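Q: Pasting upload.cif here (mmCIF, C-alpha atoms):
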data_coords
loop_
_atom_site.label_atom_id
_atom_site.label_comp_id
_atom_site.auth_asym_id
_atom_site.auth_seq_id
_atom_site.Cartn_x
_atom_site.Cartn_y
_atom_site.Cartn_z
CA MET A 1 -64.39 68.45 12.69
CA ALA A 2 -63.06 67.84 9.19
CA SER A 3 -61.17 71.14 9.21
CA GLY A 4 -59.48 70.17 12.48
CA VAL A 5 -58.32 66.91 11.00
CA VAL A 6 -56.92 68.76 7.99
CA LEU A 7 -55.02 71.16 10.24
CA ILE A 8 -53.54 68.31 12.24
CA ARG A 9 -52.38 66.54 9.06
CA LEU A 10 -50.80 69.76 7.70
CA GLY A 11 -48.93 70.23 11.00
CA LEU A 12 -47.54 66.68 10.87
CA VAL A 13 -46.36 67.16 7.29
CA ALA A 14 -44.65 70.45 8.19
CA ALA A 15 -42.92 68.89 11.21
CA LEU A 16 -41.75 65.96 9.10
CA CYS A 17 -40.30 68.26 6.42
CA LEU A 18 -38.59 70.41 9.06
CA GLY A 19 -37.03 67.35 10.66
CA VAL A 20 -35.77 66.08 7.32
CA GLU A 21 -34.27 69.50 6.56
CA VAL A 22 -32.53 69.70 9.96
CA ARG A 23 -31.09 66.21 9.62
CA ALA A 24 -29.85 67.05 6.13
CA GLU A 25 -28.17 70.19 7.42
CA ASP A 26 -26.60 68.34 10.38
CA GLY A 27 -25.23 65.28 8.59
CA GLY A 28 -24.97 66.11 4.95
CA GLY A 29 -21.84 68.30 4.81
CA ALA A 30 -18.17 67.61 5.54
CA TRP A 31 -16.03 69.97 7.57
CA LEU A 32 -12.74 71.29 6.20
CA ALA A 33 -9.18 70.57 7.30
CA VAL A 34 -6.28 72.13 5.40
CA ALA A 35 -2.77 70.67 5.08
CA ARG A 36 0.31 72.76 4.41
CA ILE A 37 2.22 71.11 1.55
CA ALA A 38 5.84 72.33 1.46
CA SER A 39 7.44 69.44 -0.45
CA GLU A 40 6.69 66.48 -2.70
CA GLU A 41 6.93 64.21 0.35
CA ASP A 42 4.26 66.25 2.17
CA GLY A 43 1.93 65.67 -0.78
CA ALA A 44 2.58 61.93 -0.70
CA LEU A 45 1.88 61.85 3.05
CA LEU A 46 -1.40 63.73 2.55
CA GLU A 47 -2.51 61.09 0.01
CA ARG A 48 -1.86 58.37 2.62
CA VAL A 49 -3.91 60.34 5.17
CA ARG A 50 -6.76 60.69 2.68
CA GLY A 51 -6.73 56.95 2.10
CA GLN A 52 -6.91 56.18 5.82
CA SER A 53 -9.60 58.84 6.49
CA SER A 54 -11.89 58.30 3.50
CA ASP A 55 -14.74 57.15 5.78
CA LEU A 56 -14.71 60.35 7.88
CA PRO A 57 -16.88 63.41 7.05
CA VAL A 58 -13.92 65.66 6.45
CA GLU A 59 -12.43 67.31 3.39
CA LEU A 60 -8.62 67.32 3.42
CA ARG A 61 -7.51 70.20 1.22
CA ALA A 62 -3.87 70.69 0.17
CA MET A 63 -2.48 74.19 0.60
CA PRO A 64 0.93 74.52 -1.12
CA GLY A 65 3.32 76.96 0.47
CA PRO A 66 6.37 77.35 2.70
CA SER A 67 6.68 75.14 5.75
CA LEU A 68 5.38 76.44 9.09
CA ASP A 69 8.79 76.86 10.70
CA GLY A 70 9.98 78.93 13.61
CA PRO A 71 9.26 78.89 17.35
CA PRO A 72 6.15 77.01 18.58
CA GLN A 73 4.15 80.23 19.12
CA ALA A 74 5.01 81.44 15.61
CA GLN A 75 3.91 78.10 14.13
CA TRP A 76 0.63 78.27 16.07
CA ARG A 77 -0.09 81.82 14.85
CA SER A 78 0.61 80.75 11.25
CA ALA A 79 -1.73 77.77 11.64
CA VAL A 80 -4.52 80.01 13.04
CA GLU A 81 -4.09 82.49 10.17
CA LEU A 82 -4.22 79.63 7.64
CA ALA A 83 -7.41 78.26 9.22
CA ASP A 84 -9.08 81.71 9.30
CA ALA A 85 -8.15 82.40 5.68
CA HIS A 86 -9.92 79.24 4.44
CA GLN A 87 -12.58 78.84 7.14
CA ALA A 88 -11.02 75.50 8.11
CA ARG A 89 -11.68 73.67 11.34
CA ALA A 90 -8.20 72.09 11.58
CA VAL A 91 -4.70 72.55 10.15
CA LEU A 92 -2.15 69.80 9.45
CA TRP A 93 1.57 70.21 8.68
CA PHE A 94 4.74 68.08 8.70
CA GLN A 95 8.37 68.74 9.60
CA ARG A 96 11.11 66.31 8.47
CA SER A 97 14.47 66.10 10.28
CA GLY A 98 16.64 63.18 9.14
CA SER A 99 14.76 59.96 9.83
CA GLU A 100 12.27 61.69 12.17
CA LEU A 101 8.97 63.25 11.08
CA ARG A 102 7.02 65.59 13.35
CA VAL A 103 3.26 65.61 12.73
CA HIS A 104 1.42 68.79 13.82
CA PHE A 105 -2.42 68.89 14.02
CA ALA A 106 -4.02 72.10 15.26
CA GLU A 107 -7.68 72.94 16.00
CA PRO A 108 -7.80 76.71 16.52
CA GLY A 109 -11.41 76.63 17.73
CA SER A 110 -10.51 74.87 20.99
CA ARG A 111 -6.82 75.99 20.88
CA HIS A 112 -5.65 72.36 20.87
CA LEU A 113 -2.31 71.38 19.29
CA PHE A 114 -1.49 67.69 18.81
CA VAL A 115 2.17 66.84 18.01
CA ARG A 116 3.64 63.39 17.44
CA THR A 117 7.07 62.22 16.26
CA ALA A 118 7.33 59.20 13.94
CA LYS A 119 10.26 57.41 12.33
CA LEU A 120 10.27 57.73 8.53
CA GLU A 121 13.15 56.12 6.59
CA GLY A 122 13.95 56.51 2.89
CA ARG A 123 12.09 58.50 0.27
CA PRO A 124 8.54 58.23 -1.16
CA GLY A 125 8.14 54.99 -3.06
CA ALA A 126 10.56 52.97 -0.94
CA LEU A 127 9.26 50.04 1.10
CA GLU A 128 10.49 51.37 4.45
CA TRP A 129 9.00 54.80 3.66
CA SER A 130 5.60 53.28 2.91
CA ALA A 131 5.51 51.50 6.25
CA GLY A 132 6.32 54.71 8.12
CA ALA A 133 3.84 56.74 6.05
CA GLU A 134 1.00 54.35 6.93
CA ALA A 135 1.77 54.79 10.62
CA VAL A 136 1.69 58.59 10.18
CA ALA A 137 -1.66 58.37 8.37
CA LEU A 138 -3.16 56.36 11.26
CA VAL A 139 -1.98 59.02 13.74
CA VAL A 140 -3.64 61.80 11.71
CA ARG A 141 -6.83 59.72 11.38
CA SER A 142 -7.02 59.45 15.17
CA ALA A 143 -6.69 63.24 15.46
CA LEU A 144 -9.43 63.78 12.84
CA ARG A 145 -11.78 61.36 14.60
CA ALA A 146 -11.18 63.14 17.91
CA VAL A 147 -12.11 66.50 16.36
CA GLU A 148 -15.22 64.94 14.81
CA ALA A 149 -16.22 63.58 18.24
CA GLY A 150 -15.67 66.95 19.91
CA THR A 151 -12.73 65.77 22.04
CA PRO A 152 -9.61 67.05 20.21
CA LEU A 153 -6.24 65.53 21.05
CA GLY A 154 -3.16 67.40 22.22
CA GLU A 155 -2.38 70.22 24.61
CA VAL A 156 -4.18 73.53 24.98
CA VAL A 157 -2.11 76.41 23.65
CA GLU A 158 -2.16 79.33 26.04
CA ALA A 159 -2.94 82.71 24.58
CA VAL A 160 0.10 84.96 24.41
CA ALA A 161 -0.20 88.72 24.35
CA PRO A 162 1.23 90.34 21.22
CA PRO A 163 4.70 91.76 21.70
CA VAL A 164 4.84 95.38 22.80
CA PRO A 165 6.63 97.50 20.21
CA VAL A 166 9.87 98.92 21.48
CA PRO A 167 10.27 102.62 20.75
CA VAL A 168 13.14 103.46 18.52
CA LEU A 169 15.43 106.02 20.06
CA GLU A 170 17.17 108.47 17.86
CA PRO A 171 20.96 108.18 18.21
CA GLU A 172 22.71 111.01 19.88
CA SER A 173 25.24 113.00 17.99
CA GLY A 174 28.87 112.13 18.55
CA PRO A 175 30.79 108.86 18.74
CA VAL A 176 29.26 105.94 20.63
CA VAL A 177 31.57 104.35 23.16
CA VAL A 178 31.09 100.57 23.47
CA PRO A 179 32.25 99.04 26.78
CA PRO A 180 34.82 96.22 26.56
CA GLU A 181 32.34 93.57 27.78
CA LEU A 182 30.27 94.18 24.64
CA TRP A 183 33.13 93.92 22.19
CA THR A 184 32.73 91.22 19.56
CA TYR A 185 35.48 88.83 18.60
CA PRO A 186 35.81 86.56 15.57
CA PRO A 187 34.68 82.99 16.31
CA ALA A 188 37.38 80.49 17.16
CA SER A 189 38.31 78.15 14.35
CA LYS A 190 36.80 74.70 14.61
CA ASP A 191 37.86 71.43 13.15
CA SER A 192 35.00 70.41 10.86
CA ARG A 193 36.06 66.78 10.86
CA SER A 194 34.35 64.43 13.28
CA LEU A 195 36.60 61.67 14.57
CA ARG A 196 35.40 58.58 16.41
CA TRP A 197 37.53 55.98 18.11
CA GLN A 198 36.32 52.38 18.11
CA VAL A 199 37.31 48.98 19.42
CA LEU A 200 35.98 45.57 18.38
CA VAL A 201 36.04 41.99 19.65
CA GLY A 202 34.72 39.00 17.75
CA GLY A 203 35.47 35.77 15.97
CA LEU A 204 36.62 34.80 12.49
CA ALA A 205 36.65 31.80 10.21
CA ALA A 206 38.78 31.32 7.09
CA LEU A 207 39.30 28.62 4.49
CA ASP A 208 43.07 28.23 4.15
CA GLY A 209 43.45 24.97 2.17
CA TYR A 210 45.41 23.15 4.90
CA THR A 211 42.22 21.47 6.18
CA ASP A 212 38.72 21.13 4.79
CA SER A 213 37.26 23.30 7.55
CA GLY A 214 40.01 25.93 7.51
CA HIS A 215 40.83 27.70 10.76
CA GLN A 216 38.86 29.69 13.33
CA GLY A 217 39.99 32.13 15.97
CA LEU A 218 39.65 35.35 17.94
CA LEU A 219 39.60 38.80 16.32
CA ILE A 220 40.35 42.06 18.12
CA GLY A 221 40.91 45.51 16.69
CA SER A 222 40.92 49.23 17.22
CA GLY A 223 40.97 52.27 15.01
CA TRP A 224 39.66 55.68 14.04
CA GLU A 225 36.64 56.53 11.90
CA PHE A 226 36.33 59.73 9.88
CA PRO A 227 33.21 60.78 7.93
CA SER A 228 34.84 59.63 4.68
CA ALA A 229 37.15 56.77 5.75
CA ARG A 230 38.06 54.36 8.54
CA LEU A 231 41.52 53.06 9.53
CA ARG A 232 41.86 50.09 11.88
CA LEU A 233 44.50 47.77 13.29
CA LEU A 234 43.21 44.18 13.29
CA LEU A 235 44.84 41.28 15.17
CA SER A 236 43.80 37.62 15.00
CA LEU A 237 44.74 34.52 16.99
CA SER A 238 43.64 31.19 15.51
CA LEU A 239 43.02 27.93 17.29
CA ALA A 240 45.78 25.36 16.79
CA ARG A 241 44.93 22.64 14.25
CA MET A 242 46.35 19.11 14.21
CA LEU A 243 47.08 17.72 10.73
CA PRO A 244 47.57 13.93 11.01
CA ASP A 245 48.37 11.66 8.06
CA GLY A 246 49.22 8.34 9.78
CA ARG A 247 52.98 8.97 9.86
CA THR A 248 53.21 12.37 11.58
CA ASP A 249 51.13 14.93 13.38
CA VAL A 250 51.72 18.54 12.37
CA LYS A 251 50.46 21.23 14.72
CA LEU A 252 49.69 24.43 12.79
CA GLU A 253 48.97 27.80 14.37
CA GLN A 254 48.25 31.09 12.63
CA TYR A 255 48.54 34.69 13.88
CA SER A 256 47.98 37.87 11.90
CA GLY A 257 48.08 41.62 12.30
CA GLY A 258 47.68 44.47 9.87
CA LEU A 259 46.15 47.81 8.92
CA TRP A 260 42.84 47.95 7.05
CA LEU A 261 41.34 51.02 5.39
CA ASP A 262 37.76 51.19 4.13
CA PHE A 263 35.36 53.80 2.78
CA PRO A 264 31.58 54.03 3.34
CA LEU A 265 29.51 53.18 0.26
CA LEU A 266 26.16 53.53 2.04
CA GLU A 267 25.18 55.10 5.36
CA ARG A 268 21.47 55.08 6.13
CA GLY A 269 20.11 55.29 9.62
CA SER A 270 21.82 52.69 11.79
CA LEU A 271 23.45 50.84 8.85
CA ARG A 272 26.91 51.37 7.36
CA TRP A 273 28.26 49.45 4.36
CA GLY A 274 31.96 49.88 3.64
CA LEU A 275 34.48 48.65 1.10
CA GLY A 276 38.25 48.69 1.47
CA ALA A 277 41.50 46.72 1.63
CA GLY A 278 44.43 46.10 3.91
CA ALA A 279 47.82 44.51 4.36
CA GLY A 280 49.68 42.90 7.22
CA LEU A 281 51.82 40.07 8.49
CA LEU A 282 50.65 36.45 8.72
CA LEU A 283 52.71 34.25 11.05
CA PHE A 284 52.56 30.44 10.84
CA GLY A 285 53.65 28.39 13.86
CA ARG A 286 54.55 24.78 12.95
CA SER A 287 55.66 21.81 15.05
CA THR A 288 55.85 18.10 14.03
CA GLU A 289 55.58 14.81 15.92
CA SER A 290 56.76 11.63 14.17
CA TYR A 291 55.29 8.14 14.68
CA PHE A 292 58.10 6.22 12.92
CA GLN A 293 61.79 6.05 13.66
CA GLY A 294 62.67 6.41 10.03
CA ILE A 295 61.00 9.81 9.83
CA GLN A 296 62.84 12.69 11.37
CA ALA A 297 60.54 15.53 12.48
CA ALA A 298 61.54 19.09 11.66
CA LYS A 299 62.19 21.45 14.51
CA PRO A 300 59.40 23.83 15.52
CA ARG A 301 59.61 27.16 13.79
CA PHE A 302 57.65 30.28 12.83
CA ILE A 303 57.23 31.20 9.18
CA PRO A 304 56.19 34.76 8.21
CA ALA A 305 54.04 35.56 5.18
CA LEU A 306 52.51 38.66 3.65
CA LEU A 307 48.73 39.05 3.99
CA VAL A 308 46.95 41.45 1.61
CA GLY A 309 43.50 41.73 0.05
CA PRO A 310 40.12 43.49 -0.17
CA ASP A 311 37.26 43.30 2.30
CA THR A 312 33.72 44.58 2.73
CA SER A 313 31.76 45.11 5.92
CA LEU A 314 28.19 45.76 7.06
CA ARG A 315 27.66 47.40 10.45
CA TRP A 316 24.37 47.71 12.35
CA SER A 317 24.29 50.09 15.33
CA PHE A 318 21.64 48.90 17.78
CA SER A 319 22.48 51.60 20.34
CA ARG A 320 24.49 54.81 20.55
CA LEU A 321 27.61 52.94 21.79
CA LEU A 322 27.31 49.38 20.45
CA ALA A 323 27.08 47.82 17.00
CA LEU A 324 27.43 44.46 15.25
CA GLU A 325 29.68 44.22 12.21
CA LEU A 326 29.90 41.44 9.63
CA SER A 327 32.97 41.41 7.37
CA VAL A 328 33.84 39.30 4.34
CA ALA A 329 37.33 39.31 2.78
CA ALA A 330 39.58 37.53 0.30
CA ASP A 331 43.13 37.42 1.68
CA ALA A 332 46.15 36.61 -0.42
CA ALA A 333 48.86 34.81 1.59
CA VAL A 334 52.20 35.47 -0.10
CA GLY A 335 55.01 33.27 1.23
CA ARG A 336 52.76 30.72 2.95
CA PRO A 337 54.47 27.45 3.96
CA GLU A 338 54.00 24.15 2.12
CA LEU A 339 54.10 21.13 4.42
CA GLY A 340 55.67 17.86 3.25
CA TYR A 341 58.51 15.30 3.51
CA SER A 342 62.03 15.19 2.21
CA GLU A 343 62.69 11.73 0.70
CA ASN A 344 65.95 10.95 -1.07
CA GLY A 345 66.59 14.60 -1.58
CA ASN A 346 63.14 15.16 -3.11
CA PHE A 347 60.32 17.16 -1.49
CA VAL A 348 56.98 15.31 -1.26
CA PRO A 349 54.02 17.68 -0.56
CA ARG A 350 51.77 16.86 2.37
CA ASN A 351 49.55 19.94 2.94
CA GLN A 352 49.35 22.87 0.57
CA GLY A 353 47.63 26.11 1.59
CA TRP A 354 45.55 28.20 -0.76
CA ALA A 355 46.92 31.39 -2.26
CA ILE A 356 43.54 33.16 -1.83
CA ARG A 357 41.81 32.54 1.51
CA PRO A 358 38.11 33.51 1.94
CA ARG A 359 37.50 34.96 5.39
CA ALA A 360 34.41 36.01 7.36
CA SER A 361 34.17 37.61 10.79
CA LEU A 362 31.48 38.80 13.17
CA ALA A 363 32.40 41.33 15.85
CA LEU A 364 30.89 43.50 18.56
CA VAL A 365 31.98 47.12 18.03
CA LEU A 366 32.21 49.69 20.84
CA LEU A 367 31.80 53.29 19.64
CA PRO A 368 32.57 55.62 22.58
#
Mind turning the file's structure into structure tokens?

A:
Amino acid sequence: MASGVVLIRLGLVAALCLGVEVRAEDGGGAWLAVARIASEEDGALLERVRGQSSDLPVELRAMPGPSLDGPPQAQWRSAVELADAHQARAVLWFQRSGSELRVHFAEPGSRHLFVRTAKLEGRPGALEWSAGAEAVALVVRSALRAVEAGTPLGEVVEAVAPPVPVPVLEPESGPVVVPPELWTYPPASKDSRSLRWQVLVGGLAALDGYTDSGHQGLLIGSGWEFPSARLRLLLSLSLARMLPDGRTDVKLEQYSGGLWLDFPLLERGSLRWGLGAGAGLLLFGRSTESYFQGIQAAKPRFIPALLVGPDTSLRWSFSRLLALELSVAADAAVGRPELGYSENGNFVPRNQGWAIRPRASLALVLLP
């Protein structure tokens, strides 16, 4: 009886030790995923992925080397070879094209390939880059969790038979006659410059010194944009302003037109910041109404002036064809009129315009 009890106790101890050993083997080790690191940015992205996936039982190992480029089947074969070489369960690699980043996550065991495209602006260390990198890290974390759960994300890659080698035929002796349809011609010359036409409609406001609030009006324009410069014709039509002083009412209108040239200082994504200058004609329309018989109103007339000065603009393209553009300028009005009275042969000033006129405009730009 006592020996039976001893045998039972020994069996329980052995079962307990075996269970502990099995649980240790099942849950104690982390599986391996390798990441192809082809640039400094790839390394920074991998660090973000490690931070987001620190609670998962996976080891993310960096494998420096050339990027996995080429056709999709060639990329898949390279990923499988990389996984076999390091006994990894999954392979991660990135491909950057402008502001777009393609994230590739392959699990060769189940032949699943998960691909997502994310927007990544700027360079590592910039605020906008950090926001995009965090989003990429969350995408990779989801793929890692799916592999851990046994339900990998992505599409199944169909097996493709290796290409059949084509036998090399020995050339026959004698000249080879090539038919005319196989003749090669030099490529036609292409104009490397890209030229875009644009038209804009908006409003403007300027401080001109004739009134405290200046003048406001309509702005229209059209022009051509090269990669390194932009030339536009801008026309403005201001609202008529009445300038009363108790003795007369002066109606003042302003029209302008000129050519403006600017150069891009910064082009990033949908933003363009430019700096330039322009010159044109500023036309003042003036008419006077007198309230007293002793004051003789001048006849209506138009007075031309030269308009010249620098400007800067910031354009935001919210679609492929449309954009909003904010411009700020400082216009010099050379030859502007000075309004006043003639008393006893002397000129008495009434309204004096400013020589330098700050101007701001906001316009909708069409980019066909």

Q: Residue by residue, what does the PyMOL selection byres ((chain A and resi 240) around 8) grab here? Present the result as a list in words.

A: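 On the file shown, the PyMOL selection byres ((chain A and resi 240) around 8) covers Ser238, Leu239, Arg241, Met242, Lys251, Leu252, Glu253 and Gln254 of chain A.
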
Q: Could you tell me, as a VMD selection string, which residues have any atom at most 10 Å from (1.1, 59.2, -0.1), counting only C-alpha atoms?

A: chain A and resid 40 to 51 124 to 125 129 to 130 133 to 134 137

Q: Near Gly65 in chain A, counting all atoms listed in the file, which residues have an atom at most 9 Å away, once you skip same-chain residues fewer than 4 positions from it, shown as a list in words?

A: Arg36, Ile37, Ala38 and Ser39 of chain A

Q: Taking the file as shown, find all residues satisfying the PyMOL selection byres ((chain A and resi 199-211) around 10) and write them as a PyMOL selection string.

A: chain A and resi 197-198+212-224+232-238+241-243+252+322-331+333+338-339+350-368

Q: What separation in Å, quoted to one decimal, exists between CA of Leu266 in chain A and CA of Ala229 in chain A?

A: 12.0 Å

Q: I need the residue set behind the PyMOL selection byres ((chain A and resi 297) around 12) for this file; please write it as an MDAnalysis selection string.

A: chainID A and resid 247:251 286:296 298:301 339:342

Q: Go through A:Arg123, A:Val157, A:Leu144, A:Val139 one by one, measure the shortest atom-to-atom distance of each to Glu59 in chain A using all atoms listed in the file, and give the residue with the smallest value.

A: A:Leu144

Q: Provide the CA of Ser256 in chain A to CA of Trp316 in chain A distance in Å, to one decimal place.

A: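 Separation between CA of Ser256 in chain A and CA of Trp316 in chain A: 25.6 Å.
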
Q: Pick out the closest residue to Arg315 in chain A from this set: A:Leu265, A:Ala135, A:Ala35, A:Val140. Count only C-alpha atoms.

A: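 Using only C-alpha atoms, Arg315 in chain A sits closest to A:Leu265.
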
Q: If you measure from CA of Val103 in chain A to CA of Val136 in chain A, what distance in Å do you get, rounded to one decimal?

A: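 Going from CA of Val103 in chain A over to CA of Val136 in chain A covers 7.6 Å.
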
Q: Given the choices A:Ala88, A:Gly274, A:Gly98, A:Ala30, which gets closest to Thr312 in chain A if the distance is worked out from all atoms listed in the file?

A: A:Gly274

Q: Neighbours of range 73-79 of chain A within 12 Å (only C-alpha atoms; same-chain residues fewer than 6 positions away dropped), as a PyMOL selection string?

A: chain A and resi 33-36+63+65-67+85-95+104-109+111-115+156-163

Q: Counting all atoms listed in the file, figure out which residue out of A:Leu127, A:Ala146, A:Val334, A:Asp69 gets nearest to Arg102 in chain A.

A: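 Ranked by minimum distance to Arg102 in chain A, first place goes to A:Asp69.
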